[in-house]
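**Q** What follows is start-v6.txt; its format and atoms are compact mmCIF, C-alpha atoms.
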```txt
# COMPACT_ATOMS: atom_id res chain seq x y z
CA MET A 21 0.00 0.00 0.00
CA PRO A 22 1.53 3.39 -0.92
CA LEU A 23 2.15 5.91 1.81
CA THR A 24 -0.41 8.39 0.54
CA SER A 25 -3.53 9.54 2.38
CA PRO A 26 -6.84 8.76 0.63
CA ASP A 27 -9.04 11.73 -0.12
CA ARG A 28 -11.76 10.94 2.40
CA PRO A 29 -13.93 13.35 4.40
CA PRO A 30 -13.91 13.05 8.18
CA ASP A 31 -16.61 11.11 9.94
CA PRO A 32 -19.56 13.05 11.39
CA VAL A 33 -18.70 14.85 14.61
CA ARG A 34 -19.57 12.88 17.72
CA GLN A 35 -20.64 14.31 21.03
CA LEU A 36 -17.56 15.18 23.08
CA SER A 37 -16.76 12.88 25.99
CA LEU A 38 -15.17 14.11 29.21
CA PHE A 39 -12.33 11.64 28.56
CA GLY A 40 -12.49 11.82 24.77
CA ALA A 41 -9.69 12.63 22.38
CA GLU A 42 -11.02 16.15 21.77
CA ALA A 43 -11.40 17.02 25.45
CA ALA A 44 -7.89 18.49 25.83
CA ASP A 45 -4.92 19.58 23.77
CA PRO A 46 -2.39 16.93 22.66
CA SER A 47 0.56 16.34 25.00
CA VAL A 48 3.62 14.11 25.14
CA ALA A 49 2.00 12.28 28.07
CA ASP A 50 -0.54 10.89 25.58
CA LEU A 51 2.21 8.62 24.22
CA ALA A 52 1.58 6.39 27.21
CA GLY A 53 -1.16 5.00 24.97
CA LEU A 54 1.47 3.64 22.59
CA LEU A 55 3.33 2.09 25.51
CA ALA A 56 0.13 0.44 26.72
CA GLY A 57 0.22 -1.37 23.39
CA PRO A 58 3.32 -2.54 21.48
CA GLY A 59 5.30 0.71 21.66
CA GLU A 60 8.77 0.78 23.19
CA VAL A 61 10.79 3.52 24.85
CA PHE A 62 14.59 3.73 25.05
CA ARG A 63 16.79 5.97 27.20
CA MET A 64 19.95 7.80 26.23
CA GLY A 65 21.32 10.13 28.88
CA GLY A 66 18.68 12.74 29.65
CA THR A 67 16.68 11.94 26.52
CA ALA A 68 14.50 9.12 25.26
CA ARG A 69 13.11 7.76 22.00
CA LEU A 70 9.79 6.04 21.39
CA SER A 71 9.28 3.48 18.62
CA VAL A 72 6.57 1.12 17.42
CA VAL A 73 6.30 -1.40 14.60
CA VAL A 74 3.00 -1.22 12.69
CA ASP A 75 1.40 -3.47 10.10
CA ALA A 76 -0.07 -0.96 7.63
CA ALA A 77 0.94 2.21 5.82
CA TRP A 78 -2.09 4.16 7.04
CA ARG A 79 -0.85 3.71 10.60
CA VAL A 80 2.43 5.39 9.62
CA HIS A 81 0.52 8.40 8.29
CA VAL A 82 -1.59 8.79 11.40
CA LEU A 83 1.22 8.27 13.90
CA VAL A 84 3.66 10.63 12.16
CA ALA A 85 0.96 13.32 12.18
CA GLU A 86 0.05 12.70 15.82
CA LEU A 87 3.68 12.79 16.92
CA ALA A 88 4.28 15.99 14.96
CA ARG A 89 1.36 17.59 16.81
CA ARG A 90 3.34 16.91 19.99
CA GLY A 91 6.51 18.51 18.65
CA LEU A 92 8.37 15.25 18.01
CA PRO A 93 10.37 14.77 14.80
CA THR A 94 9.59 11.28 13.55
CA THR A 95 10.93 8.93 10.90
CA TRP A 96 9.75 5.62 9.51
CA GLU A 97 11.23 2.75 7.53
CA ALA A 98 10.10 -0.56 6.10
CA THR A 99 11.13 -3.56 8.19
CA GLY A 100 11.35 -6.03 5.30
CA ASP A 101 8.42 -8.17 6.43
CA GLY A 102 5.63 -5.93 5.18
CA ARG A 103 5.61 -3.81 8.33
CA HIS A 104 6.94 -0.36 9.19
CA LEU A 105 9.02 0.96 12.07
CA VAL A 106 7.94 4.41 13.29
CA ARG A 107 10.25 6.14 15.73
CA THR A 108 10.85 9.56 17.17
CA ALA A 109 14.15 11.34 17.52
CA TYR A 110 15.72 11.27 20.96
CA ALA A 111 14.18 14.13 22.91
CA SER A 112 14.37 15.42 26.47
CA THR A 113 10.58 15.79 26.48
CA LEU A 114 10.28 11.99 26.31
CA ALA A 115 12.58 11.37 29.27
CA PRO A 116 9.74 11.46 31.85
CA LEU A 117 7.97 8.64 29.99
CA ALA A 118 11.13 6.53 30.05
CA VAL A 119 11.62 7.20 33.77
CA ALA A 120 8.01 6.27 34.49
CA TRP A 121 7.85 3.12 32.35
CA LEU A 122 11.34 1.62 32.60
CA PRO A 123 13.19 0.23 35.62
CA ASP A 124 16.19 1.97 37.13
CA PRO A 125 19.08 1.47 34.69
CA ALA A 126 21.19 0.44 37.68
CA SER A 127 19.13 -2.79 37.76
CA PRO A 128 20.42 -4.68 34.69
CA SER A 129 18.29 -7.74 35.44
CA ALA A 130 15.21 -5.66 34.61
CA GLU A 131 16.71 -3.78 31.65
CA GLY A 132 14.20 -3.05 28.87
CA VAL A 133 11.15 -4.36 30.74
CA LYS A 134 8.44 -1.73 30.60
CA ARG A 135 5.63 -1.45 33.10
CA PRO A 136 2.92 1.19 33.57
CA PRO A 137 3.63 3.54 36.48
CA ALA A 138 1.42 3.69 39.56
CA GLY A 139 -1.75 5.59 38.77
CA PHE A 140 -1.60 4.77 35.06
CA HIS A 141 -4.85 5.62 33.28
CA LEU A 142 -6.27 5.77 29.79
CA ASN A 143 -8.26 8.50 28.08
CA GLY A 144 -9.38 9.26 24.54
CA ARG A 145 -6.08 10.73 23.39
CA ARG A 146 -4.07 7.77 24.68
CA LEU A 147 -6.54 5.25 23.26
CA ARG A 148 -6.48 7.04 19.91
CA LEU A 149 -2.73 6.51 19.64
CA TRP A 150 -3.04 2.87 20.70
CA VAL A 151 -5.73 2.21 18.10
CA ALA A 152 -3.70 4.03 15.43
CA ALA A 153 -0.73 1.76 16.15
CA ALA A 154 -2.37 -1.57 16.90
CA GLY A 155 -6.16 -1.56 16.87
CA SER A 156 -8.22 -3.71 14.52
CA ALA A 157 -11.71 -5.12 14.20
CA ASP A 158 -12.35 -8.83 14.39
CA PRO A 159 -15.61 -10.79 14.05
CA ALA A 160 -16.17 -10.81 17.80
CA GLY A 161 -15.41 -7.15 18.51
CA PHE A 162 -12.37 -4.90 18.46
CA LEU A 163 -8.77 -5.83 19.29
CA LEU A 164 -6.18 -3.66 21.01
CA ARG A 165 -2.90 -5.45 20.45
CA LEU A 166 -0.16 -5.67 23.08
CA GLY A 167 3.59 -6.11 22.98
CA ALA A 168 4.51 -9.76 22.58
CA THR A 169 6.75 -9.84 25.67
CA ASP A 170 5.17 -7.10 27.81
CA LEU A 171 3.78 -9.39 30.50
CA PRO A 172 4.11 -6.83 33.34
CA CYS A 173 1.88 -4.43 31.38
CA ARG A 174 -1.12 -6.63 30.87
CA GLU A 175 -2.86 -6.53 34.24
CA PRO A 176 -2.55 -2.75 34.85
CA VAL A 177 -3.50 -1.97 31.24
CA GLY A 178 -6.58 -4.18 31.53
CA ALA A 179 -7.54 -2.39 34.75
CA ALA A 180 -7.12 0.98 33.02
CA LEU A 181 -9.43 -0.14 30.20
CA ALA A 182 -12.08 -1.21 32.70
CA ALA A 183 -11.77 2.10 34.53
CA VAL A 184 -12.88 4.02 31.42
CA GLY A 185 -15.83 1.73 30.77
CA LEU A 186 -14.06 -0.72 28.45
CA PRO A 187 -13.69 -4.03 30.30
CA ALA A 188 -11.97 -6.37 27.88
CA VAL A 189 -10.92 -10.00 27.54
CA LEU A 190 -7.20 -10.77 27.40
CA LEU A 191 -6.29 -13.04 24.50
CA ASP A 192 -3.08 -15.05 24.51
CA ALA A 193 -1.03 -15.86 21.42
CA GLY A 194 -2.99 -19.05 20.80
CA ALA A 195 -6.24 -17.09 20.56
CA GLY A 196 -4.88 -14.41 18.23
CA GLY A 197 -3.22 -12.20 20.82
CA PRO A 198 -1.60 -10.95 22.80
CA ALA A 199 -4.42 -8.43 22.74
CA TYR A 200 -7.40 -7.14 24.65
CA ARG A 201 -10.72 -7.73 22.92
CA ILE A 202 -13.60 -5.33 23.51
CA THR A 203 -17.02 -6.77 22.75
CA GLY A 204 -20.62 -5.65 22.93
CA ARG A 205 -22.42 -2.83 21.16
CA ARG A 206 -22.40 -0.52 24.17
CA ARG A 207 -18.69 -0.94 24.85
CA LEU A 208 -17.78 -0.49 21.18
CA ALA A 209 -19.88 2.68 21.08
CA ARG A 210 -18.04 3.87 24.20
CA LEU A 211 -14.69 3.21 22.51
CA ALA A 212 -15.76 5.11 19.39
CA ASP A 213 -16.94 8.02 21.55
CA LEU A 214 -13.59 8.19 23.35
CA LEU A 215 -11.56 8.03 20.14
CA GLY A 216 -13.37 10.74 18.22
CA ASP A 217 -13.50 10.98 14.44
CA ARG A 218 -11.63 8.49 12.31
CA PRO A 219 -8.47 10.04 10.81
CA PRO A 220 -8.81 10.50 7.02
CA ALA A 221 -5.90 8.11 6.38
CA ALA A 222 -7.22 5.36 8.65
CA SER A 223 -8.70 2.16 7.32
CA PRO A 224 -12.45 2.03 8.09
CA ALA A 225 -12.06 -1.65 8.91
CA ASP A 226 -9.54 -0.85 11.65
CA TRP A 227 -11.36 2.02 13.35
CA PRO A 228 -14.43 1.52 15.58
```
Represent the supplied structure as structure tokens.

**A**
Amino acid sequence: MPLTSPDRPPDPVRQLSLFGAEAADPSVADLAGLLAGPGEVFRMGGTARLSVVVDAAWRVHVLVAELARRGLPTTWEATGDGRHLVRTAYASTLAPLAVAWLPDPASPSAEGVKRPPAGFHLNGRRLRLWVAAAGSADPAGFLLRLGATDLPCREPVGAALAAVGLPAVLLDAGAGGPAYRITGRRRLARLADLLGDRPPAASPADWP
């Protein structure tokens, strides 16, 4: 698929939700939504970089635009297996995310293992980034994919979904995961309300 945005009008405006994507201005803290899914964060001195591998070109378009709105220069490249790596430049503004999500670098046994900080929560802006990176419909509902090895994330992320009215079922690799599946008309409508309008570049099949 070429990396060009289709000429598509935005979806009709939905009623704003208190926790919805339009309820506040974009901030770097919203990138916690990528880390709830398959995103990764890396430290270098007093800076950090965030990266995520995605499975479709439209996701590259949406993420690059969302990251630019937060003042983060971003690049992408093909991975050779039909996917794309999206990553920011190292930036001091991302350092707080790395501190919050990664263990103390003085503990090498835990190096690279991310975990949501105490008090982690989700809102529309964070969910929007997660869906842009790793959300997709399936016959039973809507999937929010997780990092393959991010076991410490799964319980707190599931609790954060439930806290915003999106209780979900955790699927393991044998069931098509790792992912959380949201089912039921009311919960899917709640997800759509939180996310706001579908980005013009997004695949209709992969947006609630």

**Q** Which residue gives the smallest distance to Val133 of chain A among A:Leu171, A:Leu117, A:Arg69, A:Ala98, with all atoms listed in the file counted?

**A** A:Leu171

**Q** Ranking A:Ala77, A:Ala115, A:Leu208, A:Ala49 by minimum distance to Ala157 of chain A and counting all atoms listed in the file, which one comes first?

**A**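 Closest residue, counting all atoms listed in the file: A:Leu208.
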
**Q** Smallest atom-to-atom distance to Gly167 of chain A: which of A:Ala68, A:Ala193, A:Leu114, A:Ala180, using only C-alpha atoms?

**A**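 For Gly167 of chain A, the nearest of the given residues is A:Ala193.
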
**Q** Have a look at A:Leu164, A:Leu92, A:Leu181, A:Met64 and name the one nearest to Leu149 of chain A; count all atoms listed in the file.

**A** A:Leu164

**Q** Expressed in Å to a single decimal, how great is the separation between atom CA of Ala85 of chain A and atom CA of Ala154 of chain A?

**A**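 Value for the atom CA of Ala85 of chain A-atom CA of Ala154 of chain A distance: 16.0 Å.
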
**Q** Work out how far apart atom CA of Asp213 of chain A and atom CA of Gly91 of chain A are and give it in Å to one decimal.

**A**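 So the answer is 25.9 Å.
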
**Q** May I ask which of the residues A:Asp226, A:Asp124, A:Asp45, A:Glu60 is the closest one to Val151 of chain A, counting all atoms listed in the file?

**A**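 Between A:Asp226, A:Asp124, A:Asp45, A:Glu60, the residue approaching Val151 of chain A most closely is A:Asp226.
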
**Q** So which residues touch Leu70 of chain A within 7 Å, counting only C-alpha atoms, skipping near sequence neighbours fewer than 4 positions away, as a short mmCIF file (atom, residue, chain, number, x, y, z; two decimals) with C-alpha atoms, in the coordinates of the input?

**A**
```cif
data_model
loop_
_atom_site.label_atom_id
_atom_site.label_comp_id
_atom_site.auth_asym_id
_atom_site.auth_seq_id
_atom_site.Cartn_x
_atom_site.Cartn_y
_atom_site.Cartn_z
CA GLY A 59 5.30 0.71 21.66
CA GLU A 60 8.77 0.78 23.19
CA VAL A 61 10.79 3.52 24.85
CA PHE A 62 14.59 3.73 25.05
CA ARG A 107 10.25 6.14 15.73
CA THR A 108 10.85 9.56 17.17
#
```

**Q** Point out the residue among A:Pro219, A:Arg146, A:Leu163, A:Arg135 with the least atom-to-atom distance to Val119 of chain A, counting all atoms listed in the file.

**A**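 Checking each of A:Pro219, A:Arg146, A:Leu163, A:Arg135 against Val119 of chain A, counting all atoms listed in the file, the winner is A:Arg135.
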
**Q** Do you have the atom CA of Ala195 of chain A-atom CA of Leu122 of chain A distance handy?

**A**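 Here the two named atoms are 28.4 Å from each other.
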
**Q** Kindly list the centre and edge lengths in Å, rounded to one decimal, for the axis-aligned box that covers all listed atoms of segment 106-111 of chain A plus 4 Å on each of its six sides, as JSON.

**A**
```
{"center_x": 11.8, "center_y": 9.3, "center_z": 18.1, "size_x": 15.8, "size_y": 17.7, "size_z": 17.6}
```

**Q** Will you model N, CA and C atoms for segment 206-221 of chain A and pass it back as a CSV table (one decimal), in the frame of the given file?

**A**
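Saved to out25.csv:
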```
chain,number,residue,atom,x,y,z
A,206,ARG,N,-22.6,-1.7,23.3
A,206,ARG,CA,-22.4,-0.5,24.2
A,206,ARG,C,-20.9,-0.2,24.4
A,207,ARG,N,-20.1,-1.2,24.6
A,207,ARG,CA,-18.7,-0.9,24.8
A,207,ARG,C,-18.0,-0.4,23.6
A,208,LEU,N,-18.4,-1.0,22.4
A,208,LEU,CA,-17.8,-0.5,21.2
A,208,LEU,C,-18.2,1.0,20.9
A,209,ALA,N,-19.4,1.3,21.2
A,209,ALA,CA,-19.9,2.7,21.1
A,209,ALA,C,-19.1,3.6,22.0
A,210,ARG,N,-18.8,3.1,23.2
A,210,ARG,CA,-18.0,3.9,24.2
A,210,ARG,C,-16.6,4.1,23.7
A,211,LEU,N,-16.0,3.1,23.1
A,211,LEU,CA,-14.7,3.2,22.5
A,211,LEU,C,-14.7,4.2,21.4
A,212,ALA,N,-15.7,4.2,20.5
A,212,ALA,CA,-15.8,5.1,19.4
A,212,ALA,C,-15.9,6.5,19.9
A,213,ASP,N,-16.7,6.7,21.0
A,213,ASP,CA,-16.9,8.0,21.6
A,213,ASP,C,-15.6,8.6,22.1
A,214,LEU,N,-14.9,7.7,22.8
A,214,LEU,CA,-13.6,8.2,23.4
A,214,LEU,C,-12.6,8.6,22.3
A,215,LEU,N,-12.6,7.8,21.2
A,215,LEU,CA,-11.6,8.0,20.1
A,215,LEU,C,-11.8,9.3,19.3
A,216,GLY,N,-13.1,9.6,19.1
A,216,GLY,CA,-13.4,10.7,18.2
A,216,GLY,C,-13.4,10.3,16.8
A,217,ASP,N,-13.4,11.3,15.9
A,217,ASP,CA,-13.5,11.0,14.4
A,217,ASP,C,-12.3,10.1,13.9
A,218,ARG,N,-12.7,9.3,13.0
A,218,ARG,CA,-11.6,8.5,12.3
A,218,ARG,C,-10.7,9.4,11.5
A,219,PRO,N,-9.4,9.2,11.7
A,219,PRO,CA,-8.5,10.0,10.8
A,219,PRO,C,-8.7,9.7,9.3
A,220,PRO,N,-8.6,10.7,8.5
A,220,PRO,CA,-8.8,10.5,7.0
A,220,PRO,C,-8.0,9.4,6.4
A,221,ALA,N,-6.8,9.2,6.9
A,221,ALA,CA,-5.9,8.1,6.4
A,221,ALA,C,-6.2,6.7,6.9
```
